[in-house]
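S.K.: File input-v4.txt below, compact mmCIF, C-alpha atoms:
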```
# COMPACT_ATOMS: atom_id res chain seq x y z
CA MET P 1321 7.46 240.78 2.02
CA GLY P 1322 5.36 240.07 -1.03
CA GLU P 1323 5.50 241.29 -4.60
CA LYS P 1324 4.40 244.90 -5.06
CA LEU P 1325 0.91 245.35 -6.43
CA SER P 1326 0.44 246.51 -10.02
CA ASP P 1327 -1.06 249.91 -10.77
CA SER P 1328 -4.22 248.11 -11.86
CA ALA P 1329 -4.45 246.27 -8.53
CA LEU P 1330 -3.90 249.51 -6.56
CA ASP P 1331 -6.70 251.07 -8.61
CA THR P 1332 -9.02 248.14 -7.78
CA ILE P 1333 -8.56 248.27 -4.03
CA PHE P 1334 -7.95 252.01 -3.49
CA ARG P 1335 -7.60 254.52 -6.29
CA THR P 1336 -10.53 254.05 -8.64
CA ALA P 1337 -12.70 252.04 -6.21
CA ARG P 1338 -15.74 253.96 -5.07
CA THR P 1339 -18.61 253.66 -2.62
CA TYR P 1340 -21.66 252.58 -4.62
CA ASN P 1341 -25.27 253.53 -3.96
CA GLY P 1342 -26.68 251.03 -6.46
CA TYR P 1343 -25.74 247.83 -8.27
CA THR P 1344 -26.50 245.78 -11.36
CA ASP P 1345 -28.77 242.73 -11.02
CA GLU P 1346 -25.79 240.35 -11.00
CA PRO P 1347 -26.00 238.37 -7.75
CA VAL P 1348 -23.43 237.98 -5.00
CA THR P 1349 -22.87 234.27 -4.36
CA GLN P 1350 -22.24 232.22 -1.23
CA ASP P 1351 -18.92 231.29 -2.79
CA GLN P 1352 -17.91 234.97 -3.07
CA ILE P 1353 -18.86 235.57 0.56
CA ARG P 1354 -16.61 232.70 1.62
CA GLN P 1355 -13.80 234.03 -0.57
CA ILE P 1356 -14.11 237.42 1.14
CA TYR P 1357 -14.03 235.85 4.61
CA ASP P 1358 -11.08 233.59 3.74
CA LEU P 1359 -9.10 236.72 2.80
CA LEU P 1360 -10.22 239.08 5.57
CA LYS P 1361 -9.55 236.56 8.33
CA MET P 1362 -5.86 236.63 7.39
CA GLY P 1363 -5.61 240.34 8.27
CA PRO P 1364 -3.92 241.18 11.57
CA THR P 1365 -5.87 241.78 14.78
CA SER P 1366 -4.42 242.30 18.25
CA ALA P 1367 -3.50 238.88 19.68
CA ASN P 1368 -5.49 237.38 16.75
CA GLN P 1369 -8.70 238.38 18.57
CA GLN P 1370 -10.87 238.28 15.42
CA PRO P 1371 -13.74 239.95 17.34
CA ALA P 1372 -15.88 240.70 14.27
CA ARG P 1373 -19.05 238.69 13.74
CA PHE P 1374 -20.58 238.77 10.27
CA VAL P 1375 -24.18 238.30 9.20
CA TRP P 1376 -24.36 238.16 5.41
CA LEU P 1377 -27.74 239.01 3.94
CA LEU P 1378 -28.64 237.34 0.64
CA SER P 1379 -32.39 236.81 1.01
CA GLN P 1380 -34.78 239.66 0.25
CA GLU P 1381 -36.39 239.12 3.65
CA ALA P 1382 -33.08 239.63 5.47
CA LYS P 1383 -32.23 242.72 3.43
CA ASP P 1384 -35.71 244.15 4.10
CA THR P 1385 -35.19 243.56 7.84
CA LEU P 1386 -31.91 245.51 7.77
CA ALA P 1387 -33.46 248.21 5.58
CA ALA P 1388 -36.14 248.75 8.23
CA CYS P 1389 -33.34 249.62 10.72
CA ALA P 1390 -31.56 252.08 8.41
CA THR P 1391 -31.93 255.86 8.17
CA GLY P 1392 -31.94 258.54 5.49
CA THR P 1393 -31.56 257.18 1.96
CA ASN P 1394 -30.03 253.90 3.17
CA PRO P 1395 -33.17 251.68 3.32
CA ASP P 1396 -33.71 251.83 -0.44
CA LYS P 1397 -30.02 251.12 -1.15
CA ILE P 1398 -30.12 248.05 1.12
CA ARG P 1399 -33.39 246.65 -0.25
CA LYS P 1400 -32.16 246.87 -3.85
CA ALA P 1401 -28.58 245.64 -3.30
CA PRO P 1402 -27.69 242.05 -4.31
CA ALA P 1403 -26.27 241.51 -0.81
CA ALA P 1404 -25.54 243.27 2.45
CA VAL P 1405 -23.49 242.47 5.53
CA VAL P 1406 -23.83 243.38 9.20
CA ILE P 1407 -20.41 243.70 10.82
CA GLY P 1408 -20.83 243.07 14.52
CA MET P 1409 -18.34 242.93 17.38
CA ASP P 1410 -18.23 240.39 20.19
CA GLU P 1411 -17.22 241.91 23.52
CA HIS P 1412 -16.69 238.36 24.80
CA PHE P 1413 -14.11 237.67 22.08
CA HIS P 1414 -11.70 236.54 24.77
CA ASP P 1415 -13.68 233.31 25.21
CA HIS P 1416 -12.22 232.24 21.84
CA LEU P 1417 -8.58 233.14 22.58
CA PRO P 1418 -7.59 229.66 23.79
CA PHE P 1419 -8.29 228.59 20.17
CA LEU P 1420 -7.19 231.77 18.35
CA PHE P 1421 -4.03 232.55 20.36
CA PRO P 1422 -3.11 229.18 21.86
CA HIS P 1423 0.52 229.73 22.89
CA THR P 1424 -0.27 231.81 25.97
CA ASP P 1425 -3.19 232.49 28.33
CA ALA P 1426 -4.43 235.58 26.50
CA LYS P 1427 -7.98 235.00 27.72
CA SER P 1428 -6.93 236.01 31.24
CA TRP P 1429 -5.87 239.47 29.99
CA PHE P 1430 -9.52 240.33 29.33
CA GLU P 1431 -11.46 238.55 32.08
CA GLY P 1432 -13.57 240.22 34.74
CA ASP P 1433 -15.80 243.24 35.12
CA ALA P 1434 -12.81 245.54 35.58
CA LYS P 1435 -11.79 244.77 31.98
CA ALA P 1436 -15.15 245.61 30.37
CA ALA P 1437 -13.94 248.94 28.96
CA LEU P 1438 -10.72 247.32 27.69
CA ARG P 1439 -12.75 244.57 26.03
CA HIS P 1440 -15.02 247.16 24.40
CA ASP P 1441 -12.08 249.14 23.02
CA HIS P 1442 -10.35 246.04 21.69
CA ALA P 1443 -13.56 244.69 20.14
CA PHE P 1444 -14.38 248.06 18.54
CA ARG P 1445 -10.86 248.71 17.19
CA ASN P 1446 -10.22 245.22 15.89
CA SER P 1447 -13.67 244.61 14.42
CA SER P 1448 -13.27 247.93 12.60
CA LEU P 1449 -9.94 246.72 11.19
CA GLN P 1450 -11.72 243.55 10.08
CA GLY P 1451 -14.50 245.61 8.50
CA ALA P 1452 -11.86 247.48 6.48
CA TYR P 1453 -10.28 244.17 5.46
CA LEU P 1454 -13.74 243.04 4.32
CA LEU P 1455 -14.18 246.10 2.09
CA ILE P 1456 -10.71 245.65 0.55
CA ALA P 1457 -11.19 241.89 0.12
CA ALA P 1458 -14.55 242.38 -1.62
CA ARG P 1459 -12.96 244.84 -4.03
CA ALA P 1460 -10.02 242.48 -4.54
CA ILE P 1461 -12.30 239.70 -5.80
CA GLY P 1462 -14.14 242.04 -8.16
CA LEU P 1463 -17.09 243.27 -6.11
CA ASP P 1464 -18.08 246.78 -5.07
CA THR P 1465 -19.19 247.94 -1.63
CA GLY P 1466 -21.34 250.56 0.04
CA PRO P 1467 -20.37 250.90 3.72
CA MET P 1468 -22.83 252.82 5.94
CA SER P 1469 -23.16 253.98 9.52
CA GLY P 1470 -26.63 255.51 9.13
CA PHE P 1471 -28.84 253.05 11.05
CA ASP P 1472 -30.43 252.50 14.44
CA PRO P 1473 -27.94 250.25 16.28
CA ASP P 1474 -30.47 249.06 18.86
CA ALA P 1475 -32.83 247.97 16.10
CA VAL P 1476 -30.02 246.15 14.23
CA ASN P 1477 -28.90 244.40 17.42
CA LYS P 1478 -32.45 243.29 18.15
CA ALA P 1479 -33.00 242.07 14.57
CA PHE P 1480 -29.71 240.22 14.06
CA PHE P 1481 -28.01 239.57 17.40
CA ALA P 1482 -30.94 238.95 19.77
CA ASP P 1483 -29.49 235.54 20.65
CA GLN P 1484 -25.97 236.94 21.22
CA PRO P 1485 -26.20 239.63 23.91
CA ASN P 1486 -22.42 240.20 23.81
CA VAL P 1487 -22.50 241.10 20.12
CA THR P 1488 -23.39 244.59 18.87
CA VAL P 1489 -23.32 246.09 15.40
CA ASN P 1490 -20.28 248.13 14.35
CA PHE P 1491 -21.25 249.11 10.80
CA ILE P 1492 -23.06 247.72 7.75
CA ALA P 1493 -22.38 247.55 4.02
CA THR P 1494 -24.03 246.65 0.75
CA LEU P 1495 -22.23 244.44 -1.79
CA GLY P 1496 -22.62 243.82 -5.50
CA HIS P 1497 -21.44 244.84 -8.94
CA GLY P 1498 -21.62 248.62 -8.81
CA ASP P 1499 -23.71 250.68 -11.19
CA PRO P 1500 -21.53 253.68 -12.13
CA ALA P 1501 -24.67 255.82 -12.56
CA THR P 1502 -25.21 255.66 -8.77
CA ILE P 1503 -21.96 257.19 -7.55
CA PHE P 1504 -21.45 260.80 -6.58
CA GLY P 1505 -18.44 262.97 -7.41
CA ARG P 1506 -15.44 261.92 -5.32
CA SER P 1507 -15.13 263.91 -2.09
CA PRO P 1508 -11.86 265.84 -1.74
CA ARG P 1509 -8.80 264.05 -0.40
CA PRO P 1510 -6.36 265.92 1.84
CA ASP P 1511 -2.75 266.68 0.96
CA PHE P 1512 -0.14 264.82 3.00
CA GLU P 1513 0.68 267.90 5.08
CA ARG P 1514 -2.84 268.34 6.41
CA PHE P 1515 -3.04 265.24 8.63
CA ASN P 1516 0.53 263.89 8.69
CA ARG P 1517 3.81 264.73 10.40
CA VAL P 1518 7.23 263.08 10.01
CA ASP P 1519 9.40 263.06 13.12
CA MET J 555 -15.66 247.64 -10.31
CA GLY J 556 -11.97 247.06 -10.92
CA GLU J 557 -10.02 244.13 -12.26
CA LYS J 558 -9.75 241.19 -9.85
CA LEU J 559 -6.45 240.89 -8.04
CA SER J 560 -4.02 238.14 -9.02
CA ASP J 561 -3.21 235.31 -6.61
CA SER J 562 0.16 236.92 -6.06
CA ALA J 563 -1.43 240.25 -5.13
CA LEU J 564 -3.87 238.55 -2.72
CA ASP J 565 -0.86 236.83 -1.12
CA THR J 566 0.93 240.17 -0.73
CA ILE J 567 -1.91 241.98 1.03
CA PHE J 568 -3.57 239.08 2.92
CA ARG J 569 -2.54 235.46 2.55
CA THR J 570 1.21 235.27 2.97
CA ALA J 571 1.62 238.69 4.60
CA ARG J 572 2.62 238.43 8.24
CA THR J 573 3.14 240.66 11.26
CA TYR J 574 6.90 241.16 11.64
CA ASN J 575 8.83 241.57 14.87
CA GLY J 576 12.06 242.60 13.13
CA TYR J 577 13.31 244.01 9.83
CA THR J 578 16.36 244.20 7.61
CA ASP J 579 18.46 247.38 7.63
CA GLU J 580 16.85 248.64 4.43
CA PRO J 581 15.33 252.04 5.24
CA VAL J 582 11.77 253.24 4.80
CA THR J 583 11.79 256.47 2.78
CA GLN J 584 9.76 259.66 2.93
CA ASP J 585 8.61 258.82 -0.59
CA GLN J 586 7.23 255.45 0.57
CA ILE J 587 5.39 257.11 3.45
CA ARG J 588 3.73 259.49 1.00
CA GLN J 589 2.86 256.59 -1.31
CA ILE J 590 1.17 254.83 1.62
CA TYR J 591 -0.81 257.94 2.57
CA ASP J 592 -1.83 258.64 -1.04
CA LEU J 593 -3.36 255.14 -1.17
CA LEU J 594 -4.91 254.95 2.30
CA LYS J 595 -6.63 258.33 1.98
CA MET J 596 -8.67 256.93 -0.92
CA GLY J 597 -10.29 254.34 1.38
CA PRO J 598 -13.86 255.02 2.46
CA THR J 599 -14.72 256.70 5.77
CA SER J 600 -18.15 257.79 6.94
CA ALA J 601 -18.96 261.13 5.26
CA ASN J 602 -15.27 261.23 4.23
CA GLN J 603 -14.39 262.13 7.82
CA GLN J 604 -10.75 261.04 7.54
CA PRO J 605 -10.33 261.37 11.34
CA ALA J 606 -6.95 259.60 11.50
CA ARG J 607 -3.86 261.69 12.25
CA PHE J 608 -0.50 260.11 11.44
CA VAL J 609 2.90 260.75 13.00
CA TRP J 610 5.56 258.87 11.03
CA LEU J 611 8.76 258.17 12.93
CA LEU J 612 11.94 257.97 10.87
CA SER J 613 14.51 259.43 13.26
CA GLN J 614 16.08 257.26 15.93
CA GLU J 615 15.12 259.90 18.52
CA ALA J 616 11.44 259.71 17.59
CA LYS J 617 11.45 255.89 17.60
CA ASP J 618 13.17 255.90 21.01
CA THR J 619 10.48 258.25 22.32
CA LEU J 620 7.73 255.88 21.18
CA ALA J 621 9.66 252.85 22.49
CA ALA J 622 9.72 254.46 25.94
CA CYS J 623 5.88 254.45 25.88
CA ALA J 624 5.54 250.80 24.82
CA THR J 625 5.10 247.70 26.94
CA GLY J 626 6.24 244.07 26.95
CA THR J 627 8.61 243.21 24.11
CA ASN J 628 7.47 246.16 21.98
CA PRO J 629 10.14 248.77 22.95
CA ASP J 630 12.96 246.77 21.38
CA LYS J 631 10.95 246.12 18.20
CA ILE J 632 10.23 249.84 17.83
CA ARG J 633 13.80 251.00 18.50
CA LYS J 634 15.23 248.63 15.90
CA ALA J 635 12.58 249.09 13.18
CA PRO J 636 13.43 251.26 10.15
CA ALA J 637 10.24 253.25 10.78
CA ALA J 638 7.16 253.41 12.97
CA VAL J 639 3.85 255.23 12.82
CA VAL J 640 1.48 256.53 15.47
CA ILE J 641 -2.12 256.35 14.26
CA GLY J 642 -4.11 258.96 16.16
CA MET J 643 -7.74 260.03 15.97
CA ASP J 644 -9.09 263.56 16.02
CA GLU J 645 -12.35 263.87 17.94
CA HIS J 646 -12.75 267.32 16.37
CA PHE J 647 -12.65 265.82 12.87
CA HIS J 648 -15.88 267.63 12.11
CA ASP J 649 -14.02 270.96 11.91
CA HIS J 650 -12.61 269.68 8.60
CA LEU J 651 -15.91 268.51 7.09
CA PRO J 652 -16.61 271.75 5.20
CA PHE J 653 -13.48 270.86 3.18
CA LEU J 654 -13.82 267.05 3.19
CA PHE J 655 -17.59 266.76 2.58
CA PRO J 656 -18.45 270.10 0.98
CA HIS J 657 -21.84 269.38 -0.58
CA THR J 658 -23.79 269.50 2.70
CA ASP J 659 -23.42 270.89 6.23
CA ALA J 660 -22.02 267.67 7.73
CA LYS J 661 -20.15 269.61 10.41
CA SER J 662 -23.43 270.43 12.12
CA TRP J 663 -24.17 266.70 12.60
CA PHE J 664 -21.33 266.49 15.11
CA GLU J 665 -21.35 269.84 16.90
CA GLY J 666 -21.97 270.41 20.59
CA ASP J 667 -21.30 268.68 23.89
CA ALA J 668 -24.28 266.35 23.39
CA LYS J 669 -22.47 264.83 20.39
CA ALA J 670 -19.19 264.06 22.20
CA ALA J 671 -19.90 260.30 22.44
CA LEU J 672 -21.00 260.21 18.78
CA ARG J 673 -17.81 262.02 17.76
CA HIS J 674 -15.71 259.57 19.78
CA ASP J 675 -17.37 256.54 18.16
CA HIS J 676 -17.02 257.96 14.66
CA ALA J 677 -13.39 258.96 15.23
CA PHE J 678 -12.52 255.55 16.73
CA ARG J 679 -14.31 253.49 14.04
CA ASN J 680 -13.12 255.49 11.06
CA SER J 681 -9.53 256.00 12.23
CA SER J 682 -9.38 252.23 12.77
CA LEU J 683 -10.57 251.70 9.18
CA GLN J 684 -7.84 254.09 8.07
CA GLY J 685 -5.28 252.20 10.16
CA ALA J 686 -6.27 249.00 8.36
CA TYR J 687 -5.97 250.78 5.00
CA LEU J 688 -2.47 251.88 6.07
CA LEU J 689 -1.40 248.30 6.81
CA ILE J 690 -2.78 247.04 3.47
CA ALA J 691 -1.29 249.99 1.55
CA ALA J 692 2.15 249.44 3.10
CA ARG J 693 2.04 245.77 2.08
CA ALA J 694 0.80 246.74 -1.38
CA ILE J 695 3.91 248.85 -2.04
CA GLY J 696 6.23 246.10 -0.82
CA LEU J 697 6.73 246.88 2.86
CA ASP J 698 5.95 244.83 5.94
CA THR J 699 4.22 245.97 9.11
CA GLY J 700 4.07 245.23 12.81
CA PRO J 701 0.86 246.70 14.31
CA MET J 702 0.73 246.89 18.13
CA SER J 703 -1.64 247.94 20.88
CA GLY J 704 0.75 247.29 23.76
CA PHE J 705 1.64 250.81 24.93
CA ASP J 706 0.66 253.44 27.50
CA PRO J 707 -1.80 255.67 25.61
CA ASP J 708 -1.42 258.61 27.99
CA ALA J 709 2.34 258.56 27.50
CA VAL J 710 1.98 258.39 23.70
CA ASN J 711 -0.52 261.26 23.72
CA LYS J 712 1.82 263.38 25.85
CA ALA J 713 4.83 262.57 23.67
CA PHE J 714 3.22 263.04 20.24
CA PHE J 715 -0.04 264.97 20.54
CA ALA J 716 0.64 267.40 23.41
CA ASP J 717 -0.18 270.33 21.09
CA GLN J 718 -3.41 268.67 19.82
CA PRO J 719 -5.64 267.98 22.83
CA ASN J 720 -8.41 266.61 20.61
CA VAL J 721 -6.13 263.93 19.19
CA THR J 722 -5.46 260.62 20.97
CA VAL J 723 -3.59 257.53 19.88
CA ASN J 724 -5.55 254.62 18.42
CA PHE J 725 -2.74 252.14 17.70
CA ILE J 726 0.87 252.05 16.52
CA ALA J 727 2.88 250.03 14.01
CA THR J 728 6.42 249.40 12.87
CA LEU J 729 7.31 249.43 9.16
CA GLY J 730 10.17 248.04 7.11
CA HIS J 731 11.36 245.10 5.05
CA GLY J 732 10.52 242.14 7.27
CA ASP J 733 13.12 239.67 8.47
CA PRO J 734 11.49 236.22 8.13
CA ALA J 735 13.53 234.97 11.11
CA THR J 736 11.47 237.24 13.40
CA ILE J 737 7.98 235.91 12.73
CA PHE J 738 6.15 233.37 14.85
CA GLY J 739 4.03 230.49 13.59
CA ARG J 740 0.75 231.78 12.16
CA SER J 741 -2.06 231.81 14.74
CA PRO J 742 -5.08 229.67 13.80
CA ARG J 743 -7.75 231.15 11.54
CA PRO J 744 -11.39 230.25 12.13
CA ASP J 745 -13.57 228.33 9.70
CA PHE J 746 -16.37 230.33 8.07
CA GLU J 747 -19.03 228.74 10.27
CA ARG J 748 -17.47 229.92 13.53
CA PHE J 749 -18.08 233.65 13.18
CA ASN J 750 -20.37 233.99 10.15
CA ARG J 751 -24.04 233.46 9.36
CA VAL J 752 -25.85 233.79 6.02
CA ASP J 753 -29.46 234.97 6.23
```
Please go through the file and, once you have read it, give me the structure as structure tokens.

M.R.:
Amino acid sequence: MGEKLSDSALDTIFRTARTYNGYTDEPVTQDQIRQIYDLLKMGPTSANQQPARFVWLLSQEAKDTLAACATGTNPDKIRKAPAAVVIGMDEHFHDHLPFLFPHTDAKSWFEGDAKAALRHDHAFRNSSLQGAYLLIAARAIGLDTGPMSGFDPDAVNKAFFADQPNVTVNFIATLGHGDPATIFGRSPRPDFERFNRVD
Amino acid sequence: MGEKLSDSALDTIFRTARTYNGYTDEPVTQDQIRQIYDLLKMGPTSANQQPARFVWLLSQEAKDTLAACATGTNPDKIRKAPAAVVIGMDEHFHDHLPFLFPHTDAKSWFEGDAKAALRHDHAFRNSSLQGAYLLIAARAIGLDTGPMSGFDPDAVNKAFFADQPNVTVNFIATLGHGDPATIFGRSPRPDFERFNRVD
């Protein structure tokens, strides 16, 4: 058990953090991307599966390619952001389990055609957890994020994972130093009673 | 953009935090559960869907009920933990969008039988994000967690969501003040190059 977070830290990762639609010109660096990954990879996944695969987009060309796959108002946000990331999931994550979970034969739990649906569910759930860790980690090191699910997944897969047929996109996000002028009013948050029960 | 987190705070939520298999006798309180929810609900979900549904288990009877649905070594961990939580997902989350995302008719994006697969994907992805926010929020207020996916989902659904046919379990977790004697050696974490690319 670690030390409790300060009010200021809770604000940074949850309470005053917001989803940004635009950013200042300050760049996102390779070093910051590695800092984010070095934090997010410590987050728990089932049997340490770590099924998420990340493509970080720093070049304008790469951001333009992702923008061309996005829908609604997302293309403009992606083109203008200092950085973006494609969070993919590898449905053959089990090939890496002899390295990631070495003390037992976890790979065998997921092998074979009969396990395809199980592999999909595990890859989807755990890469989503890792995507959430990414958003929190980015905020924790002083960046802002703009997660999105408005894009054509087939187009993203073709553009970024053509050489990895077992990898498909889960969601995408922009990254940078948020411009407060680009955020909307906060959407309502539910009271505890609405979606919780204590047994 | 908030203040960067201290090294100590990064340790608490990511670096030295661990998945616990057992806890001290110190209880988890109703107040702590509400603190966790008040933080996690601030985390971003697509169109503020908030599809996760939480059943928090404080009574021994409720923990025993969940333990009876779990597999492997999980039943004993659940029975002995100060608290547990069932993280469910509501595939009819769109019924709540007029409240949660009031500035446009987002409910209509998800209505009808033709959207069932889209609803499932959104509920699964976003309730997983919320599950990750829960784990981070619990750590942030000084608790430890033990997330698990080893259980019979049909049995959990019957035991905890029988009255909500649109809600199914995503994953479960124990909560408490971790006993360091119950953790295993940390599983290996990958280098940046293994699962990342910068374009």

S.K.: Find the residues near segment 1488-1502 of chain P: any atom within 6 Å, counting all atoms listed in the file, skip ones fewer than 4 places away on the same chain, and give them as a list in words.

M.R.: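 Selected residues are Tyr1340, Asn1341, Gly1342, Tyr1343, Thr1344, Val1348, Pro1402, Ala1403, Ala1404, Val1405, Val1406, Ile1407, Gly1408, Met1409, Leu1463, Asp1464, Thr1465, Gly1466, Pro1467, Met1468, Ser1469 and Asn1477 of chain P.
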
S.K.: Using Å and a single decimal, report how far atom CA of Ala606 of chain J sits from atom CA of Ser741 of chain J.

M.R.: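 Interatomic distance, atom CA of Ser741 of chain J to atom CA of Ala606 of chain J: 28.4 Å.
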
S.K.: Tell me which of J:Ser682, J:Gln586, J:Gln603, J:Thr658 sits closest to chain P, counting only C-alpha atoms.

M.R.: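 Looking only at the distances to chain P, the closest residue turns out to be J:Ser682.
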
S.K.: Between P:Phe1471, P:Phe1480, P:Phe1421, P:Phe1504, which is the closest to Thr1391 of chain P once you count all atoms listed in the file?

M.R.: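 Smallest distance to Thr1391 of chain P is found for P:Phe1471.
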
S.K.: What is the distance, in Å and to one decimal place, between atom CA of Glu1411 of chain P and atom CA of Leu1455 of chain P?

M.R.: 22.0 Å

S.K.: I'd like to know which of J:Gly597, J:Pro719, J:Gly739, J:Pro581 is closest to chain P, using all atoms listed in the file.

M.R.: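 When distances to chain P are compared using all atoms listed in the file, the smallest one comes from J:Gly597.
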
S.K.: Please check which residues have atoms at most 8 Å from (-26.6, 238.9, 10.0) in the file's coordinates, counting all atoms listed in the file, and write them as a list in words.

M.R.: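 These residues have at least one counted atom within 8 Å: Phe1374, Val1375, Trp1376, Leu1377, Ala1382, Val1405, Val1406, Ile1407, Phe1480 and Phe1481 of chain P; Asn750, Arg751, Val752 and Asp753 of chain J.
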
S.K.: Looking at P:His1442, P:Arg1399, P:Lys1435, P:Lys1478, which one is nearest to chain J, with distances taken over all atoms listed in the file?

M.R.: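 Looking only at the distances to chain J, the closest residue turns out to be P:His1442.
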
S.K.: Choose the residue, out of J:Val721, J:Ala677, J:Ala671, J:Ala694, that has the smallest atom-to-atom separation from chain P; count all atoms listed in the file.

M.R.: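 Using all atoms listed in the file, chain P sits closest to J:Ala694.
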
S.K.: Distance cut-off 8 Å, centre (-17.1, 271.3, 12.4) in file coordinates, counting only C-alpha atoms: which residues qualify? Return them as a ChimeraX atom specification.

M.R.: /J:646-652,660-662,664-665

S.K.: Enter the distance from atom CA of Gly1451 of chain P to atom CA of Arg1514 of chain P, in Å, rounded to one decimal.

M.R.: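 Calculated distance between atom CA of Gly1451 of chain P and atom CA of Arg1514 of chain P is 25.6 Å.
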
S.K.: Give me, as a PyMOL selection string, all polymer residues having an atom no more than 9 Å from Ile590 of chain J, counting all atoms listed in the file and skipping those fewer than 3 positions away in the same chain.

M.R.: chain J and resi 585-587+593-595+687-692+694-695

S.K.: Counting only C-alpha atoms, figure out which residue out of P:Ile1398, P:Ala1387, P:Ala1482, P:Leu1420 gets nearest to Pro1371 of chain P.

M.R.: P:Leu1420

S.K.: Please return the centre and edge lengths, in Å to one decimal, of a box with edges along x, y and z that contains all listed atoms of segment 720-738 of chain J, widened by 8 Å on every side, as JSON.

M.R.:
```
{"center_x": 2.6, "center_y": 250.0, "center_z": 13.0, "size_x": 37.9, "size_y": 49.2, "size_z": 31.9}
```
